[in-house]
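Content type compact mmCIF, C-alpha atoms and all ligand atoms, from the file data.txt:
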# COMPACT_ATOMS: atom_id res chain seq x y z
CA MET A 204 101.51 115.10 100.60
CA ARG A 205 101.54 112.19 98.24
CA PRO A 206 99.49 109.11 98.94
CA SER A 207 101.47 106.27 100.43
CA PRO A 208 102.50 103.57 97.98
CA THR A 209 99.85 101.07 97.09
CA PRO A 210 100.62 97.65 98.56
CA PRO A 211 101.09 94.79 96.13
CA LEU A 212 98.25 92.34 95.90
CA PRO A 213 98.95 88.79 97.01
CA ALA A 214 99.28 86.28 94.19
CA ASP A 215 96.27 84.38 95.43
CA LEU A 216 94.06 87.35 96.11
CA ALA A 217 90.84 85.45 96.63
CA SER A 218 92.31 83.62 99.60
CA ALA A 219 93.35 86.85 101.36
CA ARG A 220 91.81 87.15 104.80
CA PRO A 221 90.74 90.40 106.43
CA ALA A 222 92.56 91.60 109.51
CA VAL A 223 90.69 91.12 112.74
CA TRP A 224 88.82 94.26 113.74
CA GLU A 225 90.45 95.80 116.81
CA PHE A 226 89.35 99.44 116.55
CA ALA A 227 85.67 100.20 116.26
CA GLY A 228 83.97 103.56 116.17
CA LEU A 229 80.34 103.69 117.13
CA LEU A 230 78.86 106.60 115.19
CA LEU A 231 76.12 107.38 117.67
CA THR A 232 74.30 109.82 115.41
CA TYR A 233 74.52 111.67 112.11
CA TRP A 234 73.25 114.80 113.84
CA CYS A 235 75.72 117.61 114.27
CA ASN A 236 75.38 121.30 115.13
CA ALA A 237 77.90 121.96 112.35
CA ARG A 238 77.90 121.25 108.63
CA CYS A 239 81.62 121.22 107.92
CA ALA A 240 82.91 121.19 104.38
CA PHE A 241 85.34 118.57 105.48
CA CYS A 242 82.85 116.07 106.85
CA TYR A 243 83.50 112.45 105.79
CA VAL A 244 79.74 111.96 105.71
CA TYR A 245 76.96 114.51 105.46
CA SER A 246 76.34 115.27 109.10
CA GLY A 247 74.44 118.42 109.95
CA PRO A 248 71.68 119.92 112.07
CA GLU A 249 68.99 118.42 109.85
CA ARG A 250 70.41 114.91 110.09
CA GLY A 251 69.19 112.38 112.60
CA GLY A 252 69.73 108.77 113.48
CA GLN A 253 70.40 107.91 117.11
CA MET A 254 71.96 104.63 118.12
CA ARG A 255 69.92 103.12 120.92
CA VAL A 256 71.85 102.38 124.09
CA GLN A 257 70.85 98.72 124.10
CA ASP A 258 71.95 98.36 120.45
CA ALA A 259 75.28 100.01 121.18
CA LEU A 260 75.87 97.68 124.11
CA ARG A 261 75.05 94.64 121.99
CA LEU A 262 77.47 95.73 119.25
CA TRP A 263 80.13 96.61 121.80
CA GLY A 264 79.89 93.19 123.43
CA SER A 265 80.11 91.38 120.11
CA LEU A 266 83.11 93.45 119.04
CA ASP A 267 84.81 92.68 122.35
CA ARG A 268 84.25 88.96 121.81
CA LEU A 269 85.49 89.10 118.23
CA ALA A 270 88.78 90.67 119.30
CA ALA A 271 89.15 88.40 122.33
CA ARG A 272 88.60 85.28 120.22
CA HIS A 273 91.68 86.28 118.25
CA GLY A 274 93.73 87.21 121.30
CA LYS A 275 93.22 90.97 120.86
CA GLN A 276 91.77 93.79 122.90
CA MET A 277 88.97 95.76 121.26
CA ARG A 278 89.28 99.53 121.39
CA ILE A 279 85.96 101.35 121.11
CA HIS A 280 85.60 105.04 120.34
CA LEU A 281 82.42 107.06 120.26
CA SER A 282 81.83 109.56 117.53
CA GLY A 283 79.17 110.91 115.21
CA GLY A 284 77.97 113.38 114.00
CA GLU A 285 78.40 115.00 117.39
CA PRO A 286 78.08 112.48 120.24
CA PHE A 287 77.59 115.20 122.87
CA GLY A 288 74.42 116.28 121.07
CA ASP A 289 72.48 113.92 123.34
CA TRP A 290 74.41 114.07 126.59
CA PRO A 291 72.03 111.89 128.68
CA ARG A 292 72.25 109.13 126.08
CA LEU A 293 76.02 109.37 125.85
CA LEU A 294 76.39 109.24 129.62
CA SER A 295 74.00 106.34 130.05
CA LEU A 296 75.81 104.37 127.33
CA VAL A 297 79.24 104.87 128.88
CA ARG A 298 77.85 104.07 132.32
CA ALA A 299 76.06 100.93 131.13
CA ALA A 300 79.17 99.74 129.29
CA ARG A 301 81.17 100.18 132.45
CA GLU A 302 78.59 98.40 134.60
CA THR A 303 78.37 95.43 132.23
CA GLY A 304 82.13 95.00 132.08
CA LEU A 305 82.65 95.96 128.44
CA SER A 306 86.01 97.25 127.26
CA PRO A 307 86.68 100.85 128.33
CA VAL A 308 85.95 103.71 125.95
CA GLU A 309 89.22 104.42 124.22
CA LYS A 310 88.18 107.91 123.18
CA ILE A 311 85.25 110.21 122.51
CA GLU A 312 85.40 112.74 119.71
CA THR A 313 83.72 116.13 119.91
CA ASN A 314 83.79 119.56 118.37
CA ALA A 315 83.19 121.14 121.83
CA TYR A 316 80.15 123.16 120.73
CA TRP A 317 78.56 122.31 124.07
CA ALA A 318 81.39 123.87 126.10
CA THR A 319 79.42 126.99 126.95
CA GLY A 320 80.66 127.31 130.52
CA ASP A 321 83.38 125.98 132.80
CA GLY A 322 80.93 124.15 135.03
CA ILE A 323 79.33 122.03 132.35
CA VAL A 324 82.67 121.03 130.86
CA ARG A 325 84.20 120.05 134.19
CA SER A 326 81.13 118.17 135.29
CA ARG A 327 80.82 116.14 132.09
CA LEU A 328 84.48 115.31 131.82
CA GLU A 329 84.73 114.28 135.45
CA GLN A 330 81.82 111.90 134.95
CA LEU A 331 83.37 110.39 131.83
CA ASP A 332 86.73 110.12 133.54
CA ALA A 333 85.16 108.26 136.46
CA LEU A 334 83.54 105.87 133.99
CA GLY A 335 86.85 104.99 132.36
CA MET A 336 87.00 107.16 129.23
CA GLN A 337 90.65 107.12 128.28
CA MET A 338 90.95 110.06 125.90
CA LEU A 339 89.06 113.09 124.64
CA VAL A 340 89.63 114.17 121.04
CA VAL A 341 88.60 117.73 120.23
CA SER A 342 88.22 118.92 116.66
CA SER A 343 89.72 122.28 115.81
CA ASP A 344 90.29 123.36 112.26
CA VAL A 345 89.21 125.95 109.78
CA TYR A 346 86.11 123.95 108.92
CA HIS A 347 84.80 123.43 112.44
CA GLN A 348 85.56 126.98 113.50
CA GLU A 349 83.01 128.24 111.03
CA PHE A 350 80.41 126.74 113.35
CA VAL A 351 81.98 126.49 116.78
CA PRO A 352 83.43 129.56 118.52
CA LEU A 353 87.09 129.01 119.23
CA GLU A 354 86.47 130.11 122.81
CA ARG A 355 84.47 126.95 123.46
CA VAL A 356 87.20 124.76 122.04
CA ARG A 357 89.78 126.51 124.17
CA ARG A 358 87.64 126.09 127.29
CA CYS A 359 87.06 122.42 126.58
CA VAL A 360 90.72 121.71 125.91
CA GLU A 361 91.99 123.61 128.96
CA ILE A 362 89.57 121.98 131.38
CA ALA A 363 90.06 118.55 129.81
CA ARG A 364 93.80 118.88 130.34
CA GLN A 365 93.15 119.69 134.01
CA VAL A 366 90.67 116.86 134.55
CA LEU A 367 92.24 114.14 132.41
CA GLY A 368 95.85 115.27 132.17
CA PRO A 369 97.48 116.60 128.98
CA ALA A 370 98.38 113.15 127.68
CA ARG A 371 94.71 112.18 127.50
CA VAL A 372 93.58 115.18 125.45
CA ARG A 373 94.16 115.32 121.74
CA VAL A 374 93.32 118.23 119.47
CA ARG A 375 92.83 117.65 115.80
CA TRP A 376 94.59 119.70 114.57
CA TRP A 377 96.90 120.91 117.27
CA ASP A 378 98.91 123.24 115.01
CA PHE A 379 95.74 125.00 113.91
CA PHE A 380 94.42 125.28 117.46
CA ARG A 381 97.70 126.61 118.83
CA HIS A 382 98.03 129.14 116.06
CA ALA A 383 94.43 130.24 116.35
CA THR A 384 94.54 130.66 120.13
CA GLN A 385 97.90 132.42 120.04
CA THR A 386 96.72 134.92 117.48
CA GLY A 387 93.71 136.06 119.42
CA GLY A 388 91.00 134.11 117.68
CA GLN A 389 92.21 134.29 114.13
CA ALA A 390 91.12 130.88 112.94
CA ASP A 391 93.65 130.82 110.16
CA PRO A 392 96.33 133.19 108.88
CA THR A 393 94.20 133.90 105.88
CA LEU A 394 90.81 133.75 107.48
CA PRO A 395 89.41 135.76 110.37
CA ARG A 396 86.56 133.64 111.63
CA GLU A 397 84.07 136.48 111.48
CA THR A 398 84.33 136.74 107.72
CA CYS A 399 84.48 133.08 106.80
CA ARG A 400 80.76 132.71 106.26
CA THR A 401 80.37 135.75 104.11
CA ASP A 402 83.46 135.82 101.94
CA SER A 403 83.55 132.74 99.77
CA GLY A 404 86.85 133.70 98.14
CA ARG A 405 88.65 133.94 101.46
CA ARG A 406 86.94 130.79 102.61
CA ARG A 407 88.22 128.87 99.58
CA ARG A 408 91.73 130.15 100.18
CA ALA A 409 91.54 129.14 103.83
CA TYR A 410 90.32 125.69 102.90
CA ALA A 411 93.14 125.37 100.41
CA ALA A 412 95.66 126.39 103.06
CA ALA A 413 94.25 123.73 105.38
CA LEU A 414 94.41 121.10 102.64
CA ARG A 415 98.05 121.94 102.05
CA ARG A 416 98.81 121.19 105.69
CA HIS A 417 96.52 118.24 106.28
CA ARG A 418 95.58 116.45 103.10
CA ASP A 419 93.01 113.91 104.12
CA ARG A 420 90.46 111.54 102.67
CA LEU A 421 87.95 113.04 100.30
CA THR A 422 84.71 111.22 100.93
CA GLY A 423 81.25 112.48 101.80
CA ARG A 424 80.80 116.23 101.80
CA ALA A 425 84.56 116.73 101.63
CA ALA A 426 84.64 115.11 98.21
CA ASP A 427 81.91 117.37 96.92
CA GLU A 428 83.09 120.62 98.44
CA LEU A 429 86.87 120.45 98.52
CA ALA A 430 88.01 118.39 95.55
CA GLU A 431 87.82 121.38 93.23
CA LEU A 432 90.54 123.10 95.26
CA LEU A 433 93.01 120.35 94.48
CA PRO A 434 94.74 119.33 91.27
CA ARG A 435 92.65 116.73 89.47
CA HIS A 436 93.47 113.88 87.18
CA PRO A 437 91.56 111.75 84.70
CA ALA A 438 90.24 108.50 86.13
CA PRO A 439 92.93 106.25 84.55
CA TYR A 440 95.52 108.05 86.69
CA PHE A 441 94.12 106.02 89.58
CA ARG A 442 94.20 102.69 87.79
CA GLY A 443 95.66 99.95 89.98
CA ARG A 444 95.54 101.91 93.24
CA ASN A 445 93.98 99.03 95.06
CA CYS A 446 92.37 99.44 98.46
CA ILE A 447 93.42 96.17 100.04
CA ARG A 448 95.10 98.07 102.86
CA GLU A 449 92.04 100.19 103.64
CA ILE A 450 89.54 97.34 103.37
CA LEU A 451 91.08 93.95 104.12
CA TYR A 452 94.21 94.88 106.02
CA SER A 453 92.52 97.55 108.12
CA ARG A 454 91.76 96.64 111.72
CA HIS A 455 89.35 99.53 111.99
CA VAL A 456 85.61 99.72 111.35
CA HIS A 457 82.82 102.18 112.01
CA ILE A 458 79.23 101.29 112.79
CA ASP A 459 76.54 103.89 112.22
CA PRO A 460 73.29 104.42 114.16
CA TYR A 461 71.46 102.03 111.84
CA GLY A 462 74.00 99.26 112.30
CA ASN A 463 75.77 99.72 108.96
CA VAL A 464 79.37 98.57 109.23
CA PHE A 465 81.91 100.55 107.20
CA PRO A 466 85.62 99.97 106.66
CA GLY A 467 87.53 102.39 108.89
CA VAL A 468 88.05 105.13 106.35
CA CYS A 469 85.38 104.31 103.77
CA ASN A 470 82.06 105.44 105.18
CA GLY A 471 79.28 104.60 102.74
CA ILE A 472 80.55 101.15 101.77
CA ILE A 473 78.41 98.77 103.81
CA LEU A 474 80.20 95.60 104.87
CA GLY A 475 77.14 94.33 106.66
CA ARG A 476 74.28 95.20 108.97
CA ALA A 477 75.31 94.72 112.56
CA LEU A 478 71.82 95.09 114.03
CA GLU A 479 70.76 92.05 112.03
CA GLN A 480 73.92 89.98 112.22
CA ALA A 481 76.40 90.46 115.05
CA PRO A 482 79.80 91.95 114.19
CA GLU A 483 81.43 88.61 115.04
CA GLN A 484 79.42 86.91 112.31
CA LEU A 485 79.84 89.79 109.89
CA TRP A 486 83.59 89.64 110.19
CA GLN A 487 83.52 85.88 109.66
CA ARG A 488 81.29 86.25 106.62
CA LEU A 489 83.67 88.79 105.17
CA ALA A 490 86.62 86.51 105.90
CA ASP A 491 84.90 83.60 104.21
CA GLY A 492 83.65 85.39 101.14
CA TRP A 493 84.61 89.01 100.66
CA CYS A 494 84.95 88.34 96.91
CA ALA A 495 81.18 87.99 96.74
CA HIS A 496 80.72 91.61 97.86
CA PRO A 497 80.92 93.40 94.51
CA VAL A 498 82.00 96.77 95.85
CA VAL A 499 84.62 95.30 98.17
CA ALA A 500 85.87 92.97 95.45
CA ALA A 501 86.21 95.86 93.01
CA VAL A 502 88.07 98.25 95.29
CA VAL A 503 90.29 95.58 96.83
CA SER A 504 91.35 94.25 93.46
CA GLY A 505 91.55 97.44 91.46
CA GLY A 506 90.62 100.42 93.61
CA SER A 507 88.09 103.04 92.70
CA PHE A 508 89.08 102.85 89.03
CA GLU A 509 87.85 99.26 88.94
CA LEU A 510 84.65 100.31 90.68
CA MET A 511 84.20 103.04 88.11
CA GLN A 512 84.62 100.59 85.28
CA GLN A 513 81.88 98.45 86.73
CA ALA A 514 79.66 101.48 87.22
CA THR A 515 79.99 102.45 83.58
CA ALA A 516 77.87 99.37 82.84
CA PHE A 517 75.08 101.21 84.65
CA GLY A 518 75.69 104.48 82.84
CA TYR A 519 78.25 106.23 84.98
CA GLN A 520 80.15 108.92 83.10
CA GLU A 521 83.60 110.07 84.06
CA LEU A 522 83.90 113.62 85.33
CA SER A 523 85.42 115.74 82.62
CA GLY A 524 87.27 117.78 85.23
CA GLY A 525 88.94 114.73 86.73
CA TYR A 526 89.36 113.62 90.30
CA ALA A 527 91.51 114.84 93.15
CA SER A 528 92.19 111.42 94.64
CA LYS A 529 91.21 107.81 94.38
CA CYS A 530 88.72 108.38 97.19
CA HIS A 531 87.17 111.31 95.37
CA LEU A 532 86.68 109.05 92.37
CA CYS A 533 85.30 106.33 94.64
CA HIS A 534 82.87 108.67 96.34
CA HIS A 535 81.65 110.10 93.08
CA VAL A 536 81.03 106.64 91.64
CA ARG A 537 79.25 105.54 94.78
CA GLN A 538 77.22 108.73 94.78
CA PHE A 539 76.05 107.71 91.32
CA LEU A 540 75.30 104.12 92.40
CA HIS A 541 73.42 105.36 95.44
CA GLY A 542 71.44 107.86 93.40
CA ARG A 543 70.41 105.14 90.97
CA GLY A 544 69.49 102.65 93.67
CA ILE A 545 72.17 100.21 92.58
CA TRP A 546 73.43 97.87 95.31
CA PRO A 547 71.37 99.73 97.93
CA GLU A 548 72.33 97.29 100.66
CA LEU A 549 76.01 97.80 99.96
CA VAL A 550 76.20 101.49 99.11
CA GLY A 551 74.51 103.72 101.68
CA PRO A 552 72.91 105.00 103.79
CA ALA A 553 71.60 108.31 102.50
CA GLU A 554 73.49 110.18 105.22
CA CYS A 555 76.76 109.29 103.50
CA TYR A 556 75.74 110.80 100.19
CA ALA A 557 74.51 114.09 98.87
CA GLY A 558 70.75 114.20 99.09
CA ALA A 559 67.87 116.49 99.78
CA GLY A 560 69.11 119.82 101.05
CA HIS A 561 72.66 119.21 99.92
CA ALA A 562 74.39 120.60 96.90
CA GLY A 563 75.97 117.40 95.72
CA PRO A 564 77.12 116.51 92.25
CA ALA A 565 74.69 115.44 89.61
CA PRO A 566 75.10 111.67 89.67
CA GLY A 567 77.35 110.62 86.86
CA GLY A 568 77.03 113.84 84.95
CA PRO A 569 80.24 115.35 83.64
CA ARG A 570 81.03 118.77 85.06
CA SER A 571 81.92 121.42 82.61
CA ALA A 572 83.15 124.08 85.03
CA GLN A 573 86.70 123.42 86.15
CA PRO A 574 87.82 125.99 88.67
CA ALA A 575 91.56 126.18 88.98
CA PRO A 576 92.98 124.27 91.93
CA LEU A 577 94.22 126.36 94.82
CA VAL A 578 96.46 123.66 96.18
CA PRO A 579 99.50 123.06 93.99
CA GLU A 580 100.42 119.62 92.77
CA PRO A 581 102.88 118.00 95.17
CA GLY A 582 106.38 117.73 93.86
CA PRO A 583 107.86 114.48 92.64
CA ALA A 584 108.34 111.97 95.38
CA CYS A 585 109.88 108.57 95.39
CA PRO A 586 107.98 105.76 96.98
CA THR A 587 109.91 103.77 99.53
CA PRO A 588 112.36 101.61 97.61
CA GLY A 589 111.70 97.93 97.87
CA PRO A 590 111.42 94.83 95.79
CA GLU A 591 107.69 95.28 95.47
CA ASN A 592 107.91 98.92 94.52
CA THR A 593 109.88 99.92 91.49
CA ALA A 594 107.92 103.01 90.54
CA ARG A 595 109.56 105.98 88.86
CA CYS A 596 109.72 109.23 90.76
CA GLY A 597 106.78 111.55 90.28
CA ALA A 598 104.40 108.94 88.96
CA PRO A 599 101.82 107.07 90.98
CA ALA A 600 103.61 104.10 92.48
CA ASP A 601 100.85 101.79 91.47
CA ASN A 602 100.53 103.08 87.92
CA GLN A 603 103.76 101.47 86.95
CA ASP A 604 104.01 98.07 85.43
CA SER A 605 101.06 96.61 87.20
CA SER A 606 100.48 93.75 84.85
CA SER A 607 100.64 91.16 87.59
CA ARG A 608 98.17 93.12 89.65
CA THR A 609 95.95 93.63 86.68
CA ARG A 610 95.99 89.92 86.01
CA SER A 611 95.09 89.23 89.64
CA SER A 612 92.34 91.77 89.40
CA SER A 613 90.98 90.27 86.21
CA ARG A 614 91.01 86.83 87.68
CA LEU A 615 89.20 88.05 90.74
CA VAL A 616 86.58 89.98 88.87
CA ALA A 617 86.11 87.01 86.57
CA ARG A 618 85.42 84.92 89.64
CA MET A 619 82.88 87.37 90.98
CA PRO A 620 79.31 86.12 90.80
CA SER A 621 77.66 86.92 87.51
CA GLY A 622 74.97 88.84 89.42
CA SER A 623 77.53 91.36 90.58
CA LEU A 624 77.10 93.37 87.44
CA LYS A 625 73.35 93.39 87.70
CA ARG A 626 71.23 95.79 89.63
CA GLY A 627 70.77 94.65 93.23
CA PRO A 628 73.07 93.04 95.73
CA SER A 629 74.77 89.77 95.05
CA TYR A 630 76.20 89.82 98.56
CA SER A 631 73.13 88.59 100.33
CA MET A 632 72.13 90.42 103.45
CA PRO A 633 70.15 88.86 106.24
CA THR A 634 66.57 90.01 106.17
S1 LIG B 1 89.05 104.58 97.14
FE1 LIG B 1 87.12 104.06 98.17
S2 LIG B 1 87.44 102.04 99.02
FE2 LIG B 1 89.46 102.89 98.53
S3 LIG B 1 90.17 103.87 100.42
FE3 LIG B 1 89.14 105.45 99.22
S4 LIG B 1 87.00 105.45 99.94
FE4 LIG B 1 87.95 103.53 100.63

With the file now loaded, output its structure as structure tokens.
Ligand code: SF4
Amino acid sequence: MRPSPTPPLPADLASARPAVWEFAGLLLTYWCNARCAFCYVYSGPERGGQMRVQDALRLWGSLDRLAARHGKQMRIHLSGGEPFGDWPRLLSLVRAARETGLSPVEKIETNAYWATGDGIVRSRLEQLDALGMQMLVVSSDVYHQEFVPLERVRRCVEIARQVLGPARVRVRWWDFFRHATQTGGQADPTLPRETCRTDSGRRRRAYAAALRRHRDRLTGRAADELAELLPRHPAPYFRGRNCIREILYSRHVHIDPYGNVFPGVCNGIILGRALEQAPEQLWQRLADGWCAHPVVAAVVSGGSFELMQQATAFGYQELSGGYASKCHLCHHVRQFLHGRGIWPELVGPAECYAGAGHAGPAPGGPRSAQPAPLVPEPGPACPTPGPENTARCGAPADNQDSSSRTRSSSRLVARMPSGSLKRGPSYSMPT
């Protein structure tokens, strides 16, 4: 699967306004029973962070008002880590949100580890249904099934379909789940679940098979553990792959237990601190001056390659083995910035980066070992034809003549505050 074409940057980039946030995920905790290789952050049993119910309600209310002020309806989902890890807290949050008239919970995401018996599943789902939860999303893939018996996932899905109706139960990924349940517990054609923890070769092949089917964003632990299975490219390959769609045009944010607000798919880039400044104000501040946020300005104007170029001023060294995607490059650069304490209020928290107890990359250090990728390079693909997209087949759409974009990017970076290339945030945070 090739990445979708990079959107052109507007001629007057600095005046671009972010989309209004309409989808918000409250990451209630970084704790998880599992430690999946494909985690966008670094959740695990040793991780903590619990969003307090009163904080969640405050954020929820502010997000509702932000959307309503722009004529929209906010859609809140609850995730983690594993939100069912503290069931009383989850239930009291959903109940309190209902009682205070907040928008209904659009969905709750879980890996179903807690589905140890029919009674507990039915009881919990009936309570959530009565409180207005609209959808349950259950994770099922080769990564989760290393930690969660498939039987629990099957029980959760079957009972959820009875309680909520099939249309309100989603399995991610359904093709994996169906195959695994139909083949008597084989989590993957190449990987009996019983051996996945002990046979690293088979595990790598199973991961590669999963990546072939569902190529997804390589950030957090996924960047560190899975990128080597994919074909990699030198950093300049990603030049010009701006992230305006993922940052400014995205209507989706996540807020972690500490109040850090992340763009929808870019956990670890802090847009603001929502426990100190309400999401309504944070969005407005971003709308009024996103150029002053050095990380946002870099990735919006020039993608992770631009961010890397800025990080080289601090000593970042390009990986000799290359990068599997622009997000892999982005994560690796941010891992370096985080490790060096650069822009700590904009790049964090620790739970989004390799740290104590995690085998992450040495910040900035080139890797010498280059295991062969197990996932073949996708074949040539043409981006959607259009006046803004004249790329040749088989080459990154945004690596073509990008002179106008480069000029926009240069102008933008030139307008960035001079402090943006110094250690410490130039995007002031409330204290
Ligand atoms: S490169 Fe970075 S900023 Fe851009 S979409 Fe990926 S994680 Fe987000």

Practice item. All residues within 9 Å of ligand LIG 1 (chain B) are required, counting all atoms listed in the file; please report them as a VMD selection string. Key: chain A and resid 420 to 422 444 to 450 466 to 472 498 to 499 501 to 503 506 to 508 510 528 to 534 537

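Going from CA of Thr209 in chain A over to CA of Trp376 in chain A, you cover 26.1 Å.
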
**Study point:** Residue with smallest distance to Ser504 in chain A - pool A:Cys235, A:Ala299, A:Leu451, A:Ala527, counting only C-alpha atoms
**Key:** A:Leu451

Exercise for review: Pick out the closest residue to Ala259 in chain A from this set: A:Glu509, A:Glu554, A:Asp459, A:Asp321. Count all atoms listed in the file.
Suggested key: A:Asp459

Which residues are close to range 268-285 of chain A, i.e. within 8 Å by all atoms listed in the file, leaving aside same-chain residues fewer than 4 positions away? Reply as a PDB file with C-alpha atoms, keeping the file's coordinate frame.
ATOM      1  CA  VAL A 223      90.690  91.120 112.740  1.00  0.00           C
ATOM      2  CA  TRP A 224      88.820  94.260 113.740  1.00  0.00           C
ATOM      3  CA  GLU A 225      90.450  95.800 116.810  1.00  0.00           C
ATOM      4  CA  PHE A 226      89.350  99.440 116.550  1.00  0.00           C
ATOM      5  CA  ALA A 227      85.670 100.200 116.260  1.00  0.00           C
ATOM      6  CA  GLY A 228      83.970 103.560 116.170  1.00  0.00           C
ATOM      7  CA  LEU A 229      80.340 103.690 117.130  1.00  0.00           C
ATOM      8  CA  LEU A 230      78.860 106.600 115.190  1.00  0.00           C
ATOM      9  CA  LEU A 231      76.120 107.380 117.670  1.00  0.00           C
ATOM     10  CA  THR A 232      74.300 109.820 115.410  1.00  0.00           C
ATOM     11  CA  TYR A 233      74.520 111.670 112.110  1.00  0.00           C
ATOM     12  CA  TRP A 234      73.250 114.800 113.840  1.00  0.00           C
ATOM     13  CA  CYS A 235      75.720 117.610 114.270  1.00  0.00           C
ATOM     14  CA  ASN A 236      75.380 121.300 115.130  1.00  0.00           C
ATOM     15  CA  SER A 246      76.340 115.270 109.100  1.00  0.00           C
ATOM     16  CA  GLY A 247      74.440 118.420 109.950  1.00  0.00           C
ATOM     17  CA  TRP A 263      80.130  96.610 121.800  1.00  0.00           C
ATOM     18  CA  GLY A 264      79.890  93.190 123.430  1.00  0.00           C
ATOM     19  CA  SER A 306      86.010  97.250 127.260  1.00  0.00           C
ATOM     20  CA  PRO A 307      86.680 100.850 128.330  1.00  0.00           C
ATOM     21  CA  VAL A 308      85.950 103.710 125.950  1.00  0.00           C
ATOM     22  CA  GLU A 309      89.220 104.420 124.220  1.00  0.00           C
ATOM     23  CA  LYS A 310      88.180 107.910 123.180  1.00  0.00           C
ATOM     24  CA  ILE A 311      85.250 110.210 122.510  1.00  0.00           C
ATOM     25  CA  GLU A 312      85.400 112.740 119.710  1.00  0.00           C
ATOM     26  CA  THR A 313      83.720 116.130 119.910  1.00  0.00           C
ATOM     27  CA  ASN A 314      83.790 119.560 118.370  1.00  0.00           C
ATOM     28  CA  PRO A 482      79.800  91.950 114.190  1.00  0.00           C
ATOM     29  CA  GLU A 483      81.430  88.610 115.040  1.00  0.00           C
TER      30      GLU A 483
END

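Considering all atoms listed in the file, the residue among A:Val345, A:Ile545, A:Leu212, A:Val297 positioned nearest to Ala411 in chain A is A:Val345.
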
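Proximity to Arg476 in chain A at 7 Å, evaluated using all atoms listed in the file and with sequence-adjacent residues fewer than 5 positions away removed, yields Gly462, Asn463 and Val464 of chain A.
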
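Note that CA of Leu305 in chain A and CA of Trp493 in chain A are 28.7 Å apart.
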
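Among A:Leu367, A:Ala217, A:Val356, A:Ala553, the residue with the shortest atom-to-atom distance to Val244 in chain A, counting all atoms listed in the file, is A:Ala553.
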